[in-house]
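Okay, upload_27.txt now, which holds compact mmCIF, C-alpha atoms and all ligand atoms:
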# COMPACT_ATOMS: atom_id res chain seq x y z
CA MET A 15 -4.45 -11.87 12.00
CA PHE A 16 -4.66 -8.95 14.47
CA HIS A 17 -2.64 -8.64 17.68
CA PRO A 18 -2.67 -5.80 20.22
CA LEU A 19 0.65 -3.93 19.93
CA ARG A 20 1.92 -1.21 22.24
CA VAL A 21 2.74 2.17 20.75
CA ALA A 22 6.37 3.01 21.51
CA GLU A 23 6.41 6.46 19.96
CA VAL A 24 4.32 8.98 18.03
CA ARG A 25 6.62 11.48 16.38
CA PRO A 26 5.69 14.54 14.30
CA LEU A 27 6.94 14.33 10.71
CA THR A 28 5.37 17.45 9.16
CA ASP A 29 2.57 19.79 10.24
CA ASP A 30 0.02 17.21 9.20
CA ALA A 31 1.80 13.86 9.50
CA VAL A 32 3.32 11.65 12.19
CA THR A 33 5.13 8.36 12.39
CA ILE A 34 3.78 5.72 14.77
CA THR A 35 6.20 3.10 16.08
CA PHE A 36 4.87 -0.14 17.56
CA GLU A 37 6.75 -2.59 19.75
CA VAL A 38 6.62 -6.20 18.62
CA PRO A 39 6.89 -8.73 21.49
CA GLU A 40 9.49 -11.41 20.94
CA ASP A 41 6.99 -14.23 20.48
CA LEU A 42 5.25 -12.35 17.65
CA ARG A 43 8.31 -11.21 15.71
CA ALA A 44 8.23 -14.02 13.16
CA GLN A 45 4.59 -13.20 12.38
CA TYR A 46 5.38 -9.52 11.83
CA ARG A 47 8.29 -10.18 9.46
CA TYR A 48 7.70 -8.02 6.38
CA ALA A 49 9.10 -7.36 2.93
CA ALA A 50 10.01 -3.85 1.76
CA GLY A 51 6.84 -2.20 0.48
CA GLN A 52 4.28 -4.06 2.62
CA HIS A 53 1.68 -2.49 4.91
CA ILE A 54 -0.20 -3.19 8.11
CA ALA A 55 -3.88 -2.63 8.87
CA ILE A 56 -4.83 -0.94 12.14
CA ARG A 57 -8.20 -1.56 13.74
CA ARG A 58 -10.04 0.72 16.17
CA ARG A 59 -13.58 1.10 17.46
CA VAL A 60 -15.13 4.56 17.11
CA ASP A 61 -18.66 5.18 18.43
CA GLY A 62 -19.35 1.48 18.46
CA ALA A 63 -18.26 0.97 14.84
CA GLU A 64 -15.06 -0.69 13.78
CA ILE A 65 -12.75 1.26 11.49
CA ARG A 66 -9.69 -0.11 9.75
CA ARG A 67 -6.92 1.72 7.96
CA THR A 68 -3.83 0.45 6.17
CA TYR A 69 -0.46 2.14 6.51
CA SER A 70 2.81 1.25 4.82
CA LEU A 71 5.87 0.28 6.81
CA CYS A 72 8.69 2.76 6.28
CA ASP A 73 11.76 1.16 7.86
CA PRO A 74 14.11 -1.26 6.05
CA ALA A 75 12.75 -4.81 6.00
CA PRO A 76 14.43 -7.33 8.32
CA GLY A 77 16.98 -9.60 6.63
CA ALA A 78 16.43 -13.34 6.21
CA ALA A 79 18.82 -14.12 9.09
CA GLU A 80 17.03 -11.81 11.55
CA PRO A 81 14.27 -13.21 13.75
CA GLY A 82 11.79 -10.49 12.74
CA PRO A 83 11.29 -6.81 13.53
CA GLN A 84 11.43 -5.53 17.09
CA ARG A 85 9.55 -2.46 15.98
CA LEU A 86 7.17 -1.48 13.20
CA ARG A 87 7.00 2.09 12.00
CA VAL A 88 4.34 3.62 9.76
CA GLY A 89 3.74 7.12 8.42
CA VAL A 90 0.26 8.62 8.89
CA ARG A 91 -0.89 11.79 7.16
CA MET A 92 -3.97 13.70 8.26
CA VAL A 93 -6.75 13.30 5.73
CA GLU A 94 -9.93 15.33 5.60
CA ASP A 95 -12.58 13.77 7.83
CA GLY A 96 -10.07 11.04 8.63
CA ALA A 97 -11.42 9.19 11.67
CA PHE A 98 -8.14 7.43 12.32
CA SER A 99 -5.64 10.04 11.17
CA ALA A 100 -7.20 12.77 13.36
CA TYR A 101 -6.96 10.44 16.36
CA ALA A 102 -3.38 9.48 15.51
CA LEU A 103 -2.27 13.09 15.22
CA LYS A 104 -4.14 14.52 18.17
CA GLU A 105 -4.70 11.81 20.78
CA LEU A 106 -2.55 8.73 20.27
CA ALA A 107 0.45 8.56 22.59
CA ALA A 108 3.26 6.23 23.61
CA GLY A 109 1.94 3.51 25.89
CA ASP A 110 -1.43 3.17 24.09
CA THR A 111 -2.30 -0.15 22.49
CA LEU A 112 -3.83 -0.71 19.06
CA ASP A 113 -4.88 -3.81 17.16
CA VAL A 114 -2.43 -4.32 14.32
CA MET A 115 -2.75 -6.89 11.52
CA THR A 116 0.25 -8.89 10.41
CA PRO A 117 1.96 -7.33 7.35
CA ALA A 118 0.50 -7.91 3.90
CA GLY A 119 0.64 -6.50 0.39
CA ARG A 120 2.26 -7.33 -2.92
CA PHE A 121 3.85 -3.95 -3.67
CA VAL A 122 7.18 -5.52 -2.79
CA LEU A 123 10.78 -5.06 -3.87
CA GLU A 124 12.96 -8.00 -2.86
CA PRO A 125 16.64 -7.01 -2.88
CA ARG A 126 18.36 -8.07 -6.10
CA PRO A 127 20.97 -6.58 -8.43
CA GLY A 128 19.51 -4.11 -10.88
CA ARG A 129 18.35 -0.63 -11.62
CA PHE A 130 15.12 0.45 -9.94
CA ALA A 131 13.03 3.58 -10.12
CA ALA A 132 9.99 5.01 -8.38
CA VAL A 133 7.55 7.83 -8.98
CA VAL A 134 5.75 8.79 -5.77
CA GLY A 135 3.39 11.51 -4.63
CA GLY A 136 2.79 12.73 -1.07
CA SER A 137 2.54 9.89 1.45
CA GLY A 138 3.32 7.44 -1.39
CA ILE A 139 6.96 7.85 -0.31
CA THR A 140 6.31 5.62 2.74
CA PRO A 141 6.66 2.09 1.27
CA VAL A 142 9.23 3.29 -1.26
CA LEU A 143 11.45 4.65 1.53
CA SER A 144 11.58 1.11 2.91
CA GLN A 145 12.26 -0.33 -0.55
CA ILE A 146 15.14 2.06 -1.26
CA ALA A 147 16.81 1.61 2.14
CA THR A 148 16.41 -2.18 1.97
CA VAL A 149 17.64 -2.75 -1.57
CA LEU A 150 20.61 -0.36 -1.34
CA ALA A 151 21.77 -1.75 2.03
CA ARG A 152 21.47 -5.38 1.05
CA GLU A 153 22.43 -5.39 -2.62
CA PRO A 154 25.62 -3.57 -3.62
CA LYS A 155 24.80 -4.02 -7.31
CA ALA A 156 21.47 -2.18 -7.06
CA SER A 157 20.76 1.46 -7.81
CA PHE A 158 17.59 3.50 -7.31
CA CYS A 159 16.18 6.65 -8.88
CA LEU A 160 13.36 8.34 -6.96
CA VAL A 161 11.09 10.98 -8.48
CA ARG A 162 8.90 12.45 -5.79
CA SER A 163 6.15 15.01 -6.07
CA ASP A 164 4.94 17.03 -3.10
CA ARG A 165 2.99 20.23 -2.58
CA THR A 166 5.60 22.15 -0.58
CA ALA A 167 8.90 21.37 1.14
CA ALA A 168 7.21 21.80 4.54
CA SER A 169 4.59 19.16 3.73
CA THR A 170 7.13 16.64 2.41
CA MET A 171 7.17 13.44 4.48
CA PHE A 172 10.51 11.83 5.36
CA LEU A 173 12.46 14.75 3.90
CA GLU A 174 15.46 14.16 6.17
CA GLU A 175 15.43 10.39 5.89
CA VAL A 176 15.49 10.60 2.10
CA ALA A 177 18.35 13.14 2.32
CA ASP A 178 20.22 10.68 4.57
CA LEU A 179 19.90 7.98 1.91
CA LYS A 180 21.43 10.40 -0.58
CA ASP A 181 24.38 11.03 1.76
CA ARG A 182 24.86 7.36 2.39
CA TRP A 183 24.71 6.18 -1.21
CA PRO A 184 25.55 9.20 -3.39
CA ASP A 185 26.51 7.00 -6.35
CA ARG A 186 23.62 4.57 -6.24
CA PHE A 187 20.72 6.80 -5.23
CA HIS A 188 19.41 9.55 -7.47
CA LEU A 189 16.68 11.89 -6.19
CA VAL A 190 14.51 14.27 -8.19
CA SER A 191 12.02 16.34 -6.20
CA ALA A 192 9.13 18.27 -7.73
CA LEU A 193 7.08 20.73 -5.70
CA SER A 194 3.69 21.59 -7.13
CA ARG A 195 3.01 24.72 -5.09
CA GLU A 196 6.41 26.25 -4.59
CA GLU A 197 9.09 27.84 -6.68
CA GLN A 198 12.21 25.72 -6.82
CA GLN A 199 15.82 26.20 -7.77
CA ALA A 200 16.49 26.45 -11.48
CA GLY A 201 16.58 23.13 -13.27
CA LEU A 202 14.18 21.33 -10.97
CA PRO A 203 10.64 20.69 -12.10
CA SER A 204 7.87 22.60 -10.38
CA GLY A 205 4.12 22.35 -10.88
CA ARG A 206 2.08 19.18 -11.11
CA LEU A 207 3.70 16.13 -12.66
CA ASP A 208 1.30 14.98 -15.36
CA ALA A 209 1.84 12.22 -17.92
CA ASP A 210 3.35 14.55 -20.55
CA ARG A 211 5.80 16.12 -18.12
CA LEU A 212 6.84 12.72 -16.77
CA ALA A 213 7.30 11.34 -20.30
CA ALA A 214 9.69 14.25 -20.96
CA LEU A 215 11.41 14.17 -17.57
CA LEU A 216 12.14 10.47 -17.08
CA PRO A 217 14.36 9.92 -20.18
CA ALA A 218 16.32 13.04 -19.19
CA ILE A 219 17.27 11.63 -15.80
CA LEU A 220 17.76 7.88 -16.38
CA PRO A 221 17.99 5.28 -19.15
CA VAL A 222 14.32 4.28 -19.07
CA GLY A 223 14.77 1.06 -21.09
CA GLU A 224 17.38 -0.27 -18.64
CA VAL A 225 15.22 0.00 -15.51
CA ASP A 226 14.43 -3.45 -14.09
CA GLY A 227 11.48 -2.43 -11.93
CA TRP A 228 9.27 0.66 -11.63
CA TYR A 229 7.37 1.40 -8.40
CA LEU A 230 4.52 3.91 -8.56
CA CYS A 231 2.81 4.98 -5.36
CA GLY A 232 0.53 7.80 -4.28
CA PRO A 233 -2.82 9.28 -5.22
CA LEU A 234 -4.67 7.74 -8.15
CA GLY A 235 -4.06 10.79 -10.39
CA LEU A 236 -0.27 10.65 -10.10
CA VAL A 237 -0.01 6.88 -10.38
CA SER A 238 -2.20 6.86 -13.51
CA SER A 239 -0.13 9.69 -15.04
CA ALA A 240 3.11 7.83 -14.33
CA GLU A 241 1.69 4.63 -15.76
CA ARG A 242 0.62 6.44 -18.94
CA ALA A 243 4.04 8.08 -19.24
CA LEU A 244 5.79 4.71 -18.92
CA ARG A 245 3.49 3.20 -21.54
CA THR A 246 4.32 6.09 -23.90
CA LEU A 247 8.01 5.39 -23.30
CA GLY A 248 7.55 1.71 -24.21
CA VAL A 249 8.08 0.24 -20.72
CA PRO A 250 6.56 -3.28 -20.52
CA ARG A 251 3.62 -3.51 -18.07
CA ALA A 252 5.31 -6.43 -16.27
CA LYS A 253 8.04 -4.08 -15.01
CA VAL A 254 5.56 -1.65 -13.46
CA HIS A 255 4.26 -2.12 -9.90
CA GLN A 256 1.80 0.24 -8.34
CA GLU A 257 0.00 1.03 -5.15
CA ILE A 258 -2.75 3.61 -4.92
CA PHE A 259 -3.01 5.48 -1.63
CA HIS A 260 -5.94 7.70 -2.18
CA VAL A 261 -8.88 7.58 -4.56
CA ASP A 262 -11.22 10.53 -4.81
CA GLU A 263 -14.77 9.33 -5.25
CA VAL A 264 -14.84 7.94 -8.76
CA PRO A 265 -17.83 6.30 -10.32
CA ALA A 266 -17.65 2.52 -10.14
CA THR A 267 -16.97 0.94 -13.49
CA PRO A 268 -18.75 -2.39 -13.21
CA SER A 269 -17.72 -5.10 -15.61
CA ALA A 270 -20.48 -6.81 -17.55
CA GLY A 271 -22.97 -9.05 -15.78
CA SER A 272 -26.02 -8.43 -13.67
CA VAL A 273 -25.73 -9.23 -10.03
CA VAL A 274 -27.87 -12.02 -8.58
CA PRO A 275 -29.97 -9.84 -6.24
CA ASP A 276 -30.67 -12.43 -3.56
CA GLY A 277 -29.93 -15.96 -2.61
CA ALA A 278 -26.74 -16.68 -4.54
CA THR A 279 -24.63 -19.20 -2.65
CA VAL A 280 -21.16 -18.07 -1.66
CA ARG A 281 -18.73 -20.83 -0.79
CA ALA A 282 -15.54 -19.63 0.78
CA THR A 283 -12.41 -21.18 2.23
CA LEU A 284 -10.64 -19.11 4.85
CA ASP A 285 -7.78 -20.27 7.06
CA GLY A 286 -8.34 -23.84 5.92
CA ARG A 287 -12.03 -23.92 6.87
CA ALA A 288 -14.77 -23.87 4.23
CA GLY A 289 -18.34 -22.59 4.57
CA SER A 290 -21.31 -21.96 2.31
CA TRP A 291 -23.74 -19.05 2.84
CA PRO A 292 -26.56 -17.25 1.01
CA SER A 293 -25.85 -13.75 -0.27
CA GLN A 294 -28.41 -11.02 0.47
CA GLY A 295 -29.55 -7.99 -1.52
CA GLY A 296 -26.73 -7.91 -4.07
CA GLU A 297 -24.12 -7.49 -1.35
CA SER A 298 -20.40 -8.05 -1.93
CA LEU A 299 -18.72 -11.39 -1.34
CA LEU A 300 -16.92 -9.82 1.61
CA GLU A 301 -20.19 -8.80 3.28
CA THR A 302 -21.63 -12.30 2.88
CA VAL A 303 -18.51 -13.93 4.29
CA LEU A 304 -18.08 -11.37 7.10
CA ARG A 305 -21.62 -11.98 8.32
CA ASN A 306 -20.59 -15.58 8.95
CA ARG A 307 -16.85 -15.36 9.50
CA SER A 308 -15.68 -12.30 11.39
CA ASP A 309 -12.07 -13.18 10.55
CA ALA A 310 -12.50 -12.43 6.81
CA PRO A 311 -9.61 -10.13 5.82
CA TYR A 312 -10.33 -6.55 4.80
CA ALA A 313 -9.18 -3.02 5.49
CA CYS A 314 -10.37 -0.28 3.12
CA LYS A 315 -13.54 -1.84 1.66
CA GLY A 316 -12.92 0.50 -1.27
CA GLY A 317 -10.99 -1.60 -3.79
CA VAL A 318 -7.69 0.10 -2.92
CA CYS A 319 -5.67 -1.90 -0.39
CA GLY A 320 -5.96 -5.47 -1.73
CA THR A 321 -6.33 -7.02 1.75
CA CYS A 322 -9.55 -8.82 0.73
CA ARG A 323 -7.96 -10.54 -2.31
CA THR A 324 -9.45 -13.96 -2.92
CA LYS A 325 -9.27 -16.50 -5.74
CA LEU A 326 -12.41 -17.23 -7.73
CA LEU A 327 -12.58 -21.01 -8.09
CA SER A 328 -15.98 -21.31 -9.80
CA GLY A 329 -18.89 -19.12 -10.86
CA GLU A 330 -18.73 -15.48 -11.96
CA VAL A 331 -18.66 -12.17 -10.15
CA ARG A 332 -18.97 -8.52 -11.10
CA MET A 333 -16.12 -6.48 -9.66
CA ASP A 334 -17.06 -2.81 -9.29
CA ARG A 335 -13.65 -1.24 -8.96
CA ASN A 336 -10.10 -2.44 -8.67
CA PHE A 337 -7.15 -0.25 -7.77
CA ALA A 338 -5.23 -3.03 -6.06
CA LEU A 339 -4.81 -6.09 -8.26
CA GLU A 340 -2.25 -6.24 -11.06
CA PRO A 341 -3.48 -7.44 -14.48
CA GLU A 342 -1.68 -10.79 -14.02
CA GLU A 343 -3.55 -11.34 -10.75
CA THR A 344 -6.98 -10.76 -12.32
CA GLU A 345 -5.95 -13.01 -15.22
CA ALA A 346 -5.05 -15.70 -12.69
CA GLY A 347 -8.59 -15.46 -11.25
CA TYR A 348 -8.03 -13.22 -8.22
CA VAL A 349 -10.78 -10.76 -7.30
CA LEU A 350 -11.36 -8.22 -4.53
CA ALA A 351 -14.03 -9.63 -2.25
CA CYS A 352 -15.14 -6.15 -1.13
CA GLN A 353 -15.93 -5.16 -4.72
CA SER A 354 -17.25 -8.45 -6.14
CA HIS A 355 -20.91 -9.45 -6.36
CA PRO A 356 -22.22 -12.85 -7.48
CA VAL A 357 -23.39 -13.00 -11.08
CA THR A 358 -24.03 -16.76 -11.06
CA ALA A 359 -26.17 -18.72 -8.59
CA VAL A 360 -23.09 -20.27 -6.98
CA VAL A 361 -19.73 -18.62 -6.45
CA GLU A 362 -16.78 -20.34 -4.87
CA VAL A 363 -13.72 -18.48 -3.60
CA ASP A 364 -10.55 -19.31 -1.67
CA PHE A 365 -9.00 -16.63 0.55
CA ASP A 366 -6.01 -18.89 1.26
CA ALA A 367 -4.95 -19.26 -2.41
S1 LIG B 401 -10.68 -4.32 1.62
FE1 LIG B 401 -9.28 -3.03 0.57
S2 LIG B 401 -9.49 -3.71 -1.48
FE2 LIG B 401 -11.03 -4.83 -0.44

As a first step, turn the structure in this file into structure tokens.
Ligand code: FES
Amino acid sequence: MFHPLRVAEVRPLTDDAVTITFEVPEDLRAQYRYAAGQHIAIRRRVDGAEIRRTYSLCDPAPGAAEPGPQRLRVGVRMVEDGAFSAYALKELAAGDTLDVMTPAGRFVLEPRPGRFAAVVGGSGITPVLSQIATVLAREPKASFCLVRSDRTAASTMFLEEVADLKDRWPDRFHLVSALSREEQQAGLPSGRLDADRLAALLPAILPVGEVDGWYLCGPLGLVSSAERALRTLGVPRAKVHQEIFHVDEVPATPSAGSVVPDGATVRATLDGRAGSWPSQGGESLLETVLRNRSDAPYACKGGVCGTCRTKLLSGEVRMDRNFALEPEETEAGYVLACQSHPVTAVVEVDFDA
């Protein structure tokens, strides 16, 4: 659900990144309650077309006793040809209003006792910053080890805020920073963190087998490398959570099944209301539903953000790419509507499940 929210502040973070802070009116605070690691989608019209982008919330999540956040803060990095990021960095100002979706996402760390670790690259620090600050503030028996990879110190987002966490919890927060394009002090890794380097580095800095939850976030290359490294080190998949922030164009890897080119029936339940519509020209489930229900949830349309997650109740689909759903979600029947095409004559999905 989108609501117009007023921008309270746009603050430079690095040469190519800003934070945007939104004010949340009192009557909407409960709806904008979020867990550490979640994101919001922002909607804007450019040249008559609607664009949506998702950005992770970077501040600590509100506690259960609080009514909900008064403010929401996200980090936005300039991306090449980025229609929203260029606007955010160059034009957006305090006092402007943007349509903001209520928080969503399953890359979540709920505070609990334990040992946690994250491997992040670039803007992948954003949700993890919220996770670290939330879990350390709320759970005295939690510790966190952060391995972050950035190009240069000057391009590192939230450099000072991460340093503040270190000052605040020197015994429970361990930080390892790797810069890929800059010489560093002796002893610190420099150069790109690939799977082999991570498999060597991680056991040297923490007892890998004792970590209760791993959080991987950033570009596809780094997240895949970290996942491979953890597999090599024998970490069970169930302990690994990941969120991809950026996918270079990769060829789709369709699963088996030929798409019904025309006329498959898509039945969908959304916000408690069901409808049934014909699909056209091999389009995705999301496109069929959106043509008839403009409130269908989506943001990236690229298989990355997970906003369009829906549960397949009957029929079969072909999902082109999936960088958002965990294996246990696909096993439970969840699919990404923006990437799924009907393979059977009738497909039934539930966006509320
Ligand atoms: S809209 Fe982002 S994964 Fe489908």

Environment of ligand LIG 401 (chain B) within 9 Å, counting only C-alpha atoms and all ligand atoms, reported as a list in words: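 Checking only C-alpha atoms and all ligand atoms against ligand LIG 401 (chain B) at 9 Å gives Thr68, Leu300, Pro311, Tyr312, Ala313, Cys314, Lys315, Gly316, Gly317, Val318, Cys319, Gly320, Thr321, Cys322, Arg323, Arg335, Asn336, Phe337, Ala338, Leu339, Leu350, Ala351, Cys352 and Gln353 of chain A.
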
Find the nearest atom pair between each residue of range 236-335 of chain A and range 134-140 of chain A for residues within 12 Å, count all atoms listed in the file, give distances in Å to one decimal, sort rows by chain and ascending number, and present the table as a Markdown table.
| residue | atom | partner | partner_atom | distance |
| --- | --- | --- | --- | --- |
| A:Leu236 | CA | A:Gly135 | CA | 6.6 |
| A:Val237 | CA | A:Val134 | CA | 7.6 |
| A:Ser238 | CA | A:Val134 | CA | 11.3 |
| A:Ser239 | CA | A:Val134 | CA | 11.0 |
| A:Ala240 | CA | A:Val134 | CA | 9.0 |
| A:Glu241 | CA | A:Val134 | CA | 11.6 |
| A:His255 | CA | A:Val134 | CA | 11.8 |
| A:Gln256 | CA | A:Val134 | CA | 9.8 |
| A:Glu257 | CA | A:Gly138 | CA | 8.1 |
| A:Ile258 | CA | A:Gly138 | CA | 8.0 |
| A:Phe259 | CA | A:Gly138 | CA | 6.6 |
| A:His260 | CA | A:Gly138 | CA | 9.3 |

Counting all atoms listed in the file, find residues at most 10 Å from (-19.0, -15.5, 6.1) (file frame) and give them as a CSV table (one decimal) with C-alpha atoms, keeping the file's coordinate frame.
chain,number,residue,atom,x,y,z
A,280,VAL,CA,-21.2,-18.1,-1.7
A,281,ARG,CA,-18.7,-20.8,-0.8
A,282,ALA,CA,-15.5,-19.6,0.8
A,283,THR,CA,-12.4,-21.2,2.2
A,284,LEU,CA,-10.6,-19.1,4.8
A,288,ALA,CA,-14.8,-23.9,4.2
A,289,GLY,CA,-18.3,-22.6,4.6
A,290,SER,CA,-21.3,-22.0,2.3
A,291,TRP,CA,-23.7,-19.0,2.8
A,292,PRO,CA,-26.6,-17.2,1.0
A,293,SER,CA,-25.8,-13.8,-0.3
A,299,LEU,CA,-18.7,-11.4,-1.3
A,300,LEU,CA,-16.9,-9.8,1.6
A,301,GLU,CA,-20.2,-8.8,3.3
A,302,THR,CA,-21.6,-12.3,2.9
A,303,VAL,CA,-18.5,-13.9,4.3
A,304,LEU,CA,-18.1,-11.4,7.1
A,305,ARG,CA,-21.6,-12.0,8.3
A,306,ASN,CA,-20.6,-15.6,9.0
A,307,ARG,CA,-16.8,-15.4,9.5
A,308,SER,CA,-15.7,-12.3,11.4
A,309,ASP,CA,-12.1,-13.2,10.6
A,310,ALA,CA,-12.5,-12.4,6.8

Between CA of Gly96 in chain A and CA of Val21 in chain A, what distance in Å does the model show, to one decimal? 19.7 Å

Just the residues within 10 Å of Arg91 in chain A, please, counting all atoms listed in the file, with nothing from its chain fewer than 6 positions along; format it as a list of chain:residue names.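 My reading of the contact set: A:Leu27, A:Thr28, A:Asp29, A:Asp30, A:Ala31, A:Val32, A:Thr33, A:Tyr69, A:Phe98, A:Ser99, A:Ala100, A:Ala102, A:Leu103, A:Gly136, A:Ser137, A:Ser169, A:Met171.
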
Residue selection dump (C-alpha atoms) as a PDB file, in the frame of the given file:
ATOM      1  CA  LEU A  27       6.940  14.330  10.710  1.00  0.00           C
ATOM      2  CA  THR A  28       5.370  17.450   9.160  1.00  0.00           C
ATOM      3  CA  ASP A  29       2.570  19.790  10.240  1.00  0.00           C
ATOM      4  CA  ASP A  30       0.020  17.210   9.200  1.00  0.00           C
ATOM      5  CA  ALA A  31       1.800  13.860   9.500  1.00  0.00           C
ATOM      6  CA  VAL A  32       3.320  11.650  12.190  1.00  0.00           C
ATOM      7  CA  THR A  33       5.130   8.360  12.390  1.00  0.00           C
ATOM      8  CA  TYR A  69      -0.460   2.140   6.510  1.00  0.00           C
ATOM      9  CA  PHE A  98      -8.140   7.430  12.320  1.00  0.00           C
ATOM     10  CA  SER A  99      -5.640  10.040  11.170  1.00  0.00           C
ATOM     11  CA  ALA A 100      -7.200  12.770  13.360  1.00  0.00           C
ATOM     12  CA  ALA A 102      -3.380   9.480  15.510  1.00  0.00           C
ATOM     13  CA  LEU A 103      -2.270  13.090  15.220  1.00  0.00           C
ATOM     14  CA  GLY A 136       2.790  12.730  -1.070  1.00  0.00           C
ATOM     15  CA  SER A 137       2.540   9.890   1.450  1.00  0.00           C
ATOM     16  CA  SER A 169       4.590  19.160   3.730  1.00  0.00           C
ATOM     17  CA  MET A 171       7.170  13.440   4.480  1.00  0.00           C
TER      18      MET A 171
END

Select, from A:Tyr229, A:Val90, A:Ile56, A:Val357, the residue with the minimum atom-to-atom distance to Asp276 in chain A, counting only C-alpha atoms.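 Among the listed residues, the smallest separation from Asp276 in chain A belongs to A:Val357.
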
Find the residue from A:Tyr101, A:Thr116, A:Pro81, A:Ala44 that sits nearest to Leu19 in chain A; use all atoms listed in the file when measuring.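 Going through A:Tyr101, A:Thr116, A:Pro81, A:Ala44 one by one, the smallest distance to Leu19 in chain A is for A:Thr116.
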